[in-house]
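S.K.: Below you will find the structure I want to go over with you.
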Amino acid sequence: MFLLRASLRFLLLIFTVSAVSGVQKLTVTPDRGTTISISNPQGKGCKVCTGWRRCSTSVSLQSNDPVALEFDCSKPQDVFIVEIVKNIECNVKSCNGHIIQTDSGSLPLLDFNRRFTWNLKASGLNAFKLDFANTGLRQINPSERCPDRHTYSLEAQQATGNVALGKYCRRGTISSAQILNQGSFSLDVPAGQKLQNDQFDASVGEEIKSLAKISLTLAKGASSSELLSPNYPDSFPDDDVMEWYFEVPDKHKAVVQFGNLTEPRCLKKETAVEYHSKGRGALVLRLTDTQPVQNQGSFSLTLRNCEMDRRRTGSPGLSLNLKVSALTTSSPVTCEVDLSTEDLSLHIDKLKPASDCEMKMNLVTKEKITVTSRSKLSFQDCLPEDLLITATRVIGCSHLRDCPKATIPLLVPQLPSCFPSLLSSITWTLRPGQHGTVQLTSPSGPIKQALPGQSCNGSIFIKLTEDDGTVIGHFCPRGAIQKVQIHTNVSVTWTPTFQGRIRRSYYKHVLNATFEKEISERYIFTVSPSKDTPVLLATPGWPVGMKPSSTVSWIVDVPPKMDAHLMFANLSQPKCNTRHTNIRVQRVGSPEEDYSRREDEEAESEITVSESFYLNMSNCMPERGDFSVITKITLQKTKNFLLTIILSVVAALLIIFAIVLAVVCVVVRKKKKQLDHQVSVYNPNGTNFLPGYNGFPKTAEDSEYHVYASIEDTLVYTHLLKKGAELGICGEFDTYQPFTGQTDSQKPPVSKDAGSDNMKTGVYRSFQYPSQQAPPLPNRPPSQVQPMVDNEIYQSEEERSPTLGPRMEPEGGN
């Protein structure tokens with residue numbers, strides 16, 4: 001029982017450690033002939049480990065054997081990218097494989113974003129061909145996504161670099177693609193999306209003279225296809241050629257249009273478009289020319305670029321949208337439209353009165369048609385550019401209590417297939433009633449304002465306007481604005497670009513609308529900036545100023561451990577007649593403002609806020625001028641000011657300590673030098689001096705005497721006196737008598753036996769004993785004046801003067 005409990009506790013401990021550490025384990029078995037690459041594009045942080053704990057930010061699996069993988073973070077699917085690669089080679093007759101969509105080998109990696117890539121290579125300078133006839137593909141804008149979450153990409157690989165031929169979705173008019181020499185075909189699938197089984201055959205292509213050749217099969221009746229130049233929206237490669245082939249049904253004609261055209265500055269040759277059709281010679285035109293109607297069946301279109309001048313920075317390259325529309329040559333196209341259940345109105349306007357287009361509604365020819373219920377329509381010889389088709393819908397109530405309580409999806413309707421043109425725009429008018437507010441959110445993620453420096457590369461624009469036509473702003477997908485609240489009637493207009501014209505094949509979910517209680521401001525935007533992308537927020541109506549006396553607020557969510565750096569740019573202030581304009585910043589939950597600026601005040605144009613905050617702006621009643629501003633918000637990591645202060649204080653203390661230490665060292669060294677020089681020197685004349693910095697003693701005429709107050713017995717050199725007595729110079733003595741006269745800086749001592757009051761002062765006199773005179777000074781030349789270690793007192797036995805005889809020990813000494 002004890003062992004069982006211990007085992008359970010050990011297993012629980014292991015489970016707890018594994019859960020805390022956040023390690024994830026997977027076992028992957030690559031399909032035969034494929035390579036699975038798992039990489040962390042950041043190059044740091046989370047790592048993937050294989051056997052024997054070999055860990056790295058990337059791993060490549062090639063063998064068909066099971067491999068155990070271990071990730072050292074809790075959510076590796078947010079960090080790592082998985083790519084499954086297979087190579088296909090073609091000889092002059094056939095290819096050794098086909099493109100088969102299967103995820104059996106990568107199924108354990110279903111939670112990761114996956115890319116399936118097939119690299120294809122033809123022999124020599126031949127081309128390989130991919131057949132899409134079973135499903136068909138259609139080209140989309142690089143920023144668009146496919147409804148089924150399966151996005152395909154084609155790429156040509158040249159010696160000068162790789163060229164992106166485009167992104168594609170299933171179900172379209174593209175039937176095949178040929179790429180010269182070598183290229184790749186990729187499929188991107190988001191995390192959690194199972195791969196749809198499919199197959200595209202690979203074979204040896206034709207002899208082509210272009211970078212690639214894309215073939216399309218146009219549908220019967222009124223239809224259109226939209227294409228993009230290679231590398232769009234960037235430039236088509238320098239001095240290169242691209243070809244499209246269009247298979248046109250019998251008794252149909254085709255119309256070609258170029259949109260969003262940018263042309264380069266050419267050094268050699270010129271940009272051009274060539275038309276080739278069976279039984280006709282080539283037709284070469286400039287891109288700006290009116291493109292002819294193709295009435296004689298299938299044809300090919302070749303786009304040629306020149307040798308571009310790239311010496312100037314910002315020089316544009318060649319890029320364009322290509323739209324090809326097919327329609328019957330003479331017979332009318334009829335269809336029935338029923339909008340009685342859609343609560344929608346369709347408006348069809350004939351743009352060119354002189355065109356051959358003929359529209360009928362319920363057998364009556366019209367120049368303008370409005371469809372609100374069941375109607376029978378017919379179109380004959382109508383080209384896409386002849387018609388403008390728009391849709392409107394009104395959703396509202398007189399009182400808030402009568403408004404719909406549920407969320408209202410704003411959907412783009414399907415158009416009947418008989419329409420010769422696509423939907424140009426749709427407008428929803430939302431009326432919340434008195435004391436109501438319209439709230440808008442995007443089902444596909446946050447949106448952003450279309451502003452300079454924050455352009456919309458997608459295929460749609462969302463325009464918000466008030467009832468009187470005042471523009472609130474233009475918006476597009478992939479931004480930071482989570483929610484928009486408007487305290488008035490508002491119109492939402494969804495407009496696709498030329499490339500993104502609304503297709504008939506599916507509904508597009510634009511926004512969600514709800515009716516809420518009234519708010520204090522006229523507009524409120526809820527914003528959640530991301531770490532790596534600055535956010536630009538403009539006042540409503542920008543670049544035109546805000547409406548007089550109107551207000552707007554942004555609620556900005558700042559993540560933990562982050563600071564928001566605000567910069568107010570492009571600020572335009574009016575001269576106010578009444579009230580003032582105001583820009584205020586206040587942290588959520590704080591009673592105090594962090595920033596406030598009126599039009600008549602000078603204030604900083606930048607501020608940093610460390611928490612979520614409100615950004616409020618209000619306009620005055622202008623006398624002249626407008627109030628408008630763009631606010632740039634950038635997230636930064638929070639700086640630890642306390643740690644900075646502590647480190648600064650420690651650094652300052654270290655500097656002070658170093659200075660004090662240096663001063664102490666200097667003082668100690670100076671003291672040491674003084675002590676080294678201040679050595680007492682014996683002078684029998686009664687004056688002591690310190691050699692070194694103090695110099696030699698002054699003469700009796702200009703200096704006072706300095707004598708010892710007492711001399712210890714141990715310091716009396718009695719051997720000199722005894723020697724003097726032997727020579728008859730000094731009398732007998734026992735010990736040296738202490739000196740009782742003047743000392744230090746006092747006047748020179750005077751003998752008591754002098755008996756004269758008028759003895760001269762300031763003149764050197766030998767110290768005299770009471771009974772006899774002092775011994776005479778040794779007679780030394782100047783060359784023998786040496787430091788103390790060389791004087792007579794400390795001479796060795798060999799160097800002692802022979803006249804003094806042997807050294808005698810002092811009496812009464814130690």
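In the structure tokens, each chain is lettered A, B, ... as it comes, each chain's residues begin at 1, and ligands are numbered from 1 in order of appearance.
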Enumerate the residues of segment 118-210 of chain A with a DSSP assignment of strand (DSSP E or B), computed from the backbone, and present them as a PyMOL selection string.
M.R.: chain A and resi 118-121+127-131+137-140+151-158+161-170+174-180+182-189+198-204
S.K.: Would you mind listing what lies within 7 Å of Phe627 of chain A as an NGL selection string, with only C-alpha atoms counted and same-chain residues fewer than 4 positions away left out?
M.R.: :A and (545-546 or 572-574 or 619)
S.K.: Need the shell around Asn231 of chain A: protein/DNA/RNA residues with any atom at most 8 Å away, counting only C-alpha atoms. Skip same-chain ones fewer than 5 positions apart. Format as a PyMOL selection string?
M.R.: chain A and resi 163-166+236-237
S.K.: Within 10 Å of segment 523-529 of chain A, which residues of segment 566-673 of chain A show up? Give each one with its shortest atom-to-atom distance in Å (one decimal) and the two atoms involved, counting only C-alpha atoms, rows by chain then rising residue number, as JSON lines.
M.R.:
{"residue": "A:Ser612", "atom": "CA", "partner": "A:Ser528", "partner_atom": "CA", "distance": 9.6}
{"residue": "A:Tyr614", "atom": "CA", "partner": "A:Thr526", "partner_atom": "CA", "distance": 9.5}
{"residue": "A:Leu615", "atom": "CA", "partner": "A:Phe525", "partner_atom": "CA", "distance": 9.7}
{"residue": "A:Asn616", "atom": "CA", "partner": "A:Ile524", "partner_atom": "CA", "distance": 9.2}
{"residue": "A:Ile633", "atom": "CA", "partner": "A:Pro529", "partner_atom": "CA", "distance": 7.6}
{"residue": "A:Thr634", "atom": "CA", "partner": "A:Pro529", "partner_atom": "CA", "distance": 7.7}
{"residue": "A:Leu635", "atom": "CA", "partner": "A:Pro529", "partner_atom": "CA", "distance": 7.2}
S.K.: Quick one: write out the picked residues with N, CA, C and O atoms as an mmCIF file, in the first residue's frame?
M.R.:
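Writing the result to again_39.cif gives the following:
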data_model
loop_
_atom_site.group_PDB
_atom_site.id
_atom_site.type_symbol
_atom_site.label_atom_id
_atom_site.label_comp_id
_atom_site.auth_asym_id
_atom_site.auth_seq_id
_atom_site.Cartn_x
_atom_site.Cartn_y
_atom_site.Cartn_z
ATOM 1 N N SER A 612 -4.076 51.190 -20.265
ATOM 2 C CA SER A 612 -5.185 51.468 -21.183
ATOM 3 C C SER A 612 -5.740 52.849 -20.879
ATOM 4 O O SER A 612 -5.785 53.283 -19.728
ATOM 5 N N TYR A 614 -8.214 56.538 -22.374
ATOM 6 C CA TYR A 614 -9.178 57.203 -23.258
ATOM 7 C C TYR A 614 -8.462 58.342 -23.980
ATOM 8 O O TYR A 614 -7.715 59.108 -23.371
ATOM 9 N N LEU A 615 -8.720 58.454 -25.258
ATOM 10 C CA LEU A 615 -8.255 59.592 -26.039
ATOM 11 C C LEU A 615 -9.501 60.336 -26.517
ATOM 12 O O LEU A 615 -10.263 59.822 -27.351
ATOM 13 N N ASN A 616 -9.724 61.515 -25.932
ATOM 14 C CA ASN A 616 -10.936 62.286 -26.233
ATOM 15 C C ASN A 616 -10.579 63.551 -27.007
ATOM 16 O O ASN A 616 -9.600 64.237 -26.676
ATOM 17 N N ILE A 633 -0.093 55.714 -32.716
ATOM 18 C CA ILE A 633 0.090 54.977 -31.469
ATOM 19 C C ILE A 633 1.049 53.819 -31.733
ATOM 20 O O ILE A 633 0.806 53.000 -32.618
ATOM 21 N N THR A 634 2.114 53.782 -30.948
ATOM 22 C CA THR A 634 3.108 52.719 -31.071
ATOM 23 C C THR A 634 3.314 52.085 -29.708
ATOM 24 O O THR A 634 3.539 52.792 -28.726
ATOM 25 N N LEU A 635 3.248 50.767 -29.652
ATOM 26 C CA LEU A 635 3.466 50.056 -28.391
ATOM 27 C C LEU A 635 4.956 49.790 -28.188
ATOM 28 O O LEU A 635 5.666 49.424 -29.125
#
